Amino acid sequence: MSESEHGAGRRPTVFIDGEAGTTGLGIRERLEREGRVALRSIPHESRKDVAVKRTLLQEVDLVVLCLPDGAAKETVALADGLAGGGPRILDASTAHRVDPAWVYGFAELEPGQAQAIRQSRRVANPGCYPTGAIALIRPLVEAGLVPADHPLSINAVSGYSGGGKSMIETYEAGQGEPFLLYGLGFAHKHLPETQAYAGLTRRPIFIPSVGNFRQGMLVSVPLHLDTLPGSPKVADLEAALAAYYEGQDLVQVVRGDGAERIEPEALNDTDRLELRVFGNESVRQAVLVARLDNLGKGASGAAVQNIGLMLGLD
């Protein structure tokens, strides 16, 4: 929907359901700063009143769901029962990320994805870890450099702001661990979307971790080059990534800078995603690395990008 379709001079209206959470607050701050939409809210005392929410859903152009999965599904059901199917919905929970009726909100996923987001009434915002992993893996699968059934391990570290209210409070009170691994039951909620949109037929091993810093993220995928078809070189992997994202504004492939270390916070407070291939040809080993702000391209920034597409404001 274009700006003219909202009425001459009228800004489209957006309701953030769950605006008090970390992602919701980030989305609200970005939208207020841009000033392209009018934000609507439910009074705090009425936030659980279904009738109040139903009325608001009838009045806005788009709703953003920053809710637990169950609550997100309830709001979607409420919207689906409205005349005309209710407002457009961008769901930041994991409830609909692999639902075929929803468009996955990673605009750079493949050619035509941004247009699909523009046209859809139901878009699922990606997870932060999958954004980095999918961005690294899918182009190489598409290019035939990594087989879809290749056994992959994905390692990642995030700032504690990705862990929700309780984790944030623990770390900001000075009680958080310096570093911890989690998801060691091999059933992390981000695995289904990572496998589906990376184009993998074999379930990858995914081991996330948290460091004692507020925000920033690194996602890494190690590779033995001689186990891949044609035994590609590091430069081949870089070239495939660079070709896949040519012309993209927010996704940048950094090629051959000679670095041997990388820290997670350099892109904080931006909506950018950097991709690199570190390798050693003499031992035929490489590691793919994505760097992003888990609150930027990994959450709130991605949501605002999708809002712009869905409302014709991009």
# chains A, B, ... in the order shown; residues from 1 in each chain; ligands from 1
$ closest_atom_pairs --of "region 39-74 of chain A" --to "region 307-314 of chain A" --cutoff "9 Å" --atoms "only C-alpha atoms" --output "Markdown table"
| residue | atom | partner | partner_atom | distance |
| --- | --- | --- | --- | --- |
| A:Asp61 | CA | A:Leu311 | CA | 8.2 |
| A:Leu62 | CA | A:Leu311 | CA | 8.0 |
| A:Val64 | CA | A:Ile307 | CA | 8.6 |
$ write_last_selection --atoms "all heavy atoms" --output "CSV table (one decimal), in the first residue's frame"
chain,number,residue,atom,x,y,z
A,61,ASP,N,-3.6,0.4,10.4
A,61,ASP,CA,-3.1,-0.2,9.1
A,61,ASP,C,-2.3,-1.4,9.3
A,61,ASP,O,-2.3,-2.3,8.5
A,61,ASP,CB,-2.4,0.9,8.3
A,61,ASP,CG,-3.2,2.0,7.9
A,61,ASP,OD1,-4.3,1.8,7.2
A,61,ASP,OD2,-2.9,3.2,8.3
A,62,LEU,N,-1.5,-1.4,10.4
A,62,LEU,CA,-0.6,-2.5,10.6
A,62,LEU,C,-0.3,-2.7,12.1
A,62,LEU,O,-0.3,-1.7,12.8
A,62,LEU,CB,0.8,-2.2,9.9
A,62,LEU,CG,1.9,-3.3,9.9
A,62,LEU,CD1,2.7,-3.3,8.6
A,62,LEU,CD2,2.8,-3.1,11.1
A,64,VAL,N,2.2,-4.8,14.9
A,64,VAL,CA,3.5,-5.5,15.1
A,64,VAL,C,3.3,-6.3,16.4
A,64,VAL,O,3.0,-5.7,17.4
A,64,VAL,CB,4.7,-4.5,15.2
A,64,VAL,CG1,6.0,-5.3,15.3
A,64,VAL,CG2,4.7,-3.6,14.0
$ closest_atom_pairs --of "region 21-131 of chain A" --to "region 179-201 of chain A" --cutoff "10 Å" --atoms "only C-alpha atoms" --output "tab-separated table"
residue	atom	partner	partner_atom	distance
A:Thr94	CA	A:Lys189	CA	7.4
A:Ala95	CA	A:Lys189	CA	9.8
A:His96	CA	A:Glu193	CA	9.7
A:Arg97	CA	A:Glu193	CA	6.3
A:Val98	CA	A:Glu193	CA	5.9
A:Asp99	CA	A:Glu193	CA	9.7
A:Tyr104	CA	A:Tyr197	CA	8.6
A:Phe106	CA	A:Tyr197	CA	9.6
A:Leu109	CA	A:Tyr197	CA	8.0
A:Glu110	CA	A:Tyr197	CA	10.0
A:Pro126	CA	A:Glu193	CA	8.1
A:Gly127	CA	A:His190	CA	6.7
A:Cys128	CA	A:His190	CA	8.7
A:Tyr129	CA	A:His190	CA	7.2
A:Pro130	CA	A:Thr194	CA	5.1
A:Thr131	CA	A:Thr194	CA	8.1
$ write_last_selection --atoms "C-alpha atoms" --output "JSON list (two decimals), in the first residue's frame"
[["chain", "number", "residue", "atom", "x", "y", "z"],
["A", 94, "THR", "CA", 8.61, -17.40, 16.43],
["A", 95, "ALA", "CA", 4.97, -18.46, 16.01],
["A", 96, "HIS", "CA", 4.71, -18.12, 12.23],
["A", 97, "ARG", "CA", 8.27, -18.13, 10.87],
["A", 98, "VAL", "CA", 7.95, -21.45, 9.05],
["A", 99, "ASP", "CA", 4.21, -21.15, 8.37],
["A", 104, "TYR", "CA", 9.51, -14.59, 5.83],
["A", 106, "PHE", "CA", 14.29, -11.23, 5.43],
["A", 109, "LEU", "CA", 16.81, -13.64, 1.31],
["A", 110, "GLU", "CA", 16.49, -13.97, -2.47],
["A", 126, "PRO", "CA", 13.28, -13.26, 11.35],
["A", 127, "GLY", "CA", 15.19, -14.26, 14.44],
["A", 128, "CYS", "CA", 18.55, -12.62, 15.13],
["A", 129, "TYR", "CA", 20.68, -15.78, 14.99],
["A", 130, "PRO", "CA", 18.96, -17.10, 11.82],
["A", 131, "THR", "CA", 19.50, -13.76, 10.07]]
$ select_by_dssp --residues "region 13-258 of chain A" --states "strand (DSSP E)" --output "PyMOL selection string"
chain A and resi 13-17+38-40+62-65+88-91+103-104+122-124+153-159+179-181+205-211+217-224+251-254
$ closest_residue --among "A:Ala302, A:Leu237, A:Leu78, A:Ala71" --to "Ala51 (chain A)" --atoms "only C-alpha atoms"
A:Leu78
$ residues_around --residues "Thr270 (chain A)" --least-positions-apart "4" --cutoff "10 Å" --atoms "only C-alpha atoms" --output "list of chain:residue names"
A:Leu250, A:Ala266, A:Leu292, A:Asp293, A:Asn294, A:Leu295, A:Gly296, A:Lys297, A:Gly301
$ residues_around --residues "Lys165 (chain A)" --least-positions-apart "5" --cutoff "10 Å" --atoms "only C-alpha atoms" --output "PyMOL selection string"
chain A and resi 21-22+160+170
$ closest_residue --among "A:Ile16, A:Leu267, A:Leu140, A:Ile262" --to "Arg88 (chain A)" --atoms "only C-alpha atoms"
A:Ile16
$ select_by_dssp --residues "region 11-62 of chain A" --states "helix (DSSP H, G or I)" --output "list in words"
Thr22, Thr23, Gly24, Leu25, Gly26, Ile27, Arg28, Glu29, Arg30, Leu31, Glu32, Arg33, Glu34, His44, Glu45, Ser46, Val50, Ala51, Val52, Lys53, Arg54, Thr55, Leu56, Leu57, Gln58 and Glu59 of chain A
$ write_last_selection --atoms "C-alpha atoms" --output "PDB file, in the first residue's frame"
ATOM      1  CA  THR A  22      13.092  -4.858  24.305  1.00  0.00           C
ATOM      2  CA  THR A  23      12.157  -5.400  20.648  1.00  0.00           C
ATOM      3  CA  GLY A  24       8.951  -3.387  20.945  1.00  0.00           C
ATOM      4  CA  LEU A  25      10.736  -0.455  22.539  1.00  0.00           C
ATOM      5  CA  GLY A  26      13.393  -0.544  19.827  1.00  0.00           C
ATOM      6  CA  ILE A  27      10.761  -0.533  17.081  1.00  0.00           C
ATOM      7  CA  ARG A  28       8.869   2.311  18.704  1.00  0.00           C
ATOM      8  CA  GLU A  29      12.010   4.436  19.125  1.00  0.00           C
ATOM      9  CA  ARG A  30      12.972   3.939  15.481  1.00  0.00           C
ATOM     10  CA  LEU A  31       9.478   4.728  14.200  1.00  0.00           C
ATOM     11  CA  GLU A  32       9.214   7.840  16.376  1.00  0.00           C
ATOM     12  CA  ARG A  33      12.596   9.016  15.131  1.00  0.00           C
ATOM     13  CA  GLU A  34      11.602   8.536  11.491  1.00  0.00           C
ATOM     14  CA  HIS A  44      -1.794   0.131  30.246  1.00  0.00           C
ATOM     15  CA  GLU A  45      -4.863  -0.693  32.321  1.00  0.00           C
ATOM     16  CA  SER A  46      -6.652  -2.073  29.219  1.00  0.00           C
ATOM     17  CA  VAL A  50      -9.899  -8.168  24.234  1.00  0.00           C
ATOM     18  CA  ALA A  51     -12.669  -5.744  23.248  1.00  0.00           C
ATOM     19  CA  VAL A  52     -10.281  -2.775  23.415  1.00  0.00           C
ATOM     20  CA  LYS A  53      -7.704  -4.624  21.324  1.00  0.00           C
ATOM     21  CA  ARG A  54     -10.303  -5.675  18.757  1.00  0.00           C
ATOM     22  CA  THR A  55     -11.421  -2.068  18.333  1.00  0.00           C
ATOM     23  CA  LEU A  56      -7.841  -0.884  17.853  1.00  0.00           C
ATOM     24  CA  LEU A  57      -7.125  -3.640  15.341  1.00  0.00           C
ATOM     25  CA  GLN A  58     -10.056  -2.377  13.288  1.00  0.00           C
ATOM     26  CA  GLU A  59      -8.608   1.131  13.209  1.00  0.00           C
TER      27      GLU A  59
END
$ residues_around --residues "Gln248 (chain A)" --least-positions-apart "6" --cutoff "10 Å" --atoms "only C-alpha atoms" --output "JSON, numbers by chain"
{"A": [107, 108, 242]}
$ closest_residue --among "A:Leu136, A:Ala239, A:Pro208, A:Ser166" --to "Glu274 (chain A)" --atoms "only C-alpha atoms"
A:Leu136
$ closest_residue --among "A:Arg40, A:Glu169, A:Trp102, A:Val234" --to "Arg121 (chain A)" --atoms "only C-alpha atoms"
A:Trp102
$ closest_residue --among "A:Ser209, A:Gln113, A:Thr227, A:Ser93" --to "Pro147 (chain A)" --atoms "only C-alpha atoms"
A:Thr227
$ closest_residue --among "A:Glu238, A:Asp226, A:Glu265, A:Glu246" --to "Val283 (chain A)" --atoms "only C-alpha atoms"
A:Asp226
$ atom_distance --atom1 "CA of Leu90 (chain A)" --atom2 "CA of Gly216 (chain A)"
23.3 Å
$ residues_around --residues "Leu39 (chain A)" --least-positions-apart "2" --cutoff "6 Å" --atoms "only C-alpha atoms" --output "list in words"
Thr13, Val14 and Phe15 of chain A
$ atom_distance --atom1 "CA of Leu152 (chain A)" --atom2 "CA of Gly256 (chain A)"
23.1 Å
$ residues_around --residues "Gly176 (chain A)" --least-positions-apart "2" --cutoff "12 Å" --atoms "only C-alpha atoms" --output "PyMOL selection string"
chain A and resi 159-161+163+166-174+178-180+210-214
$ atom_distance --atom1 "CA of Tyr245 (chain A)" --atom2 "CA of Val63 (chain A)"
29.5 Å
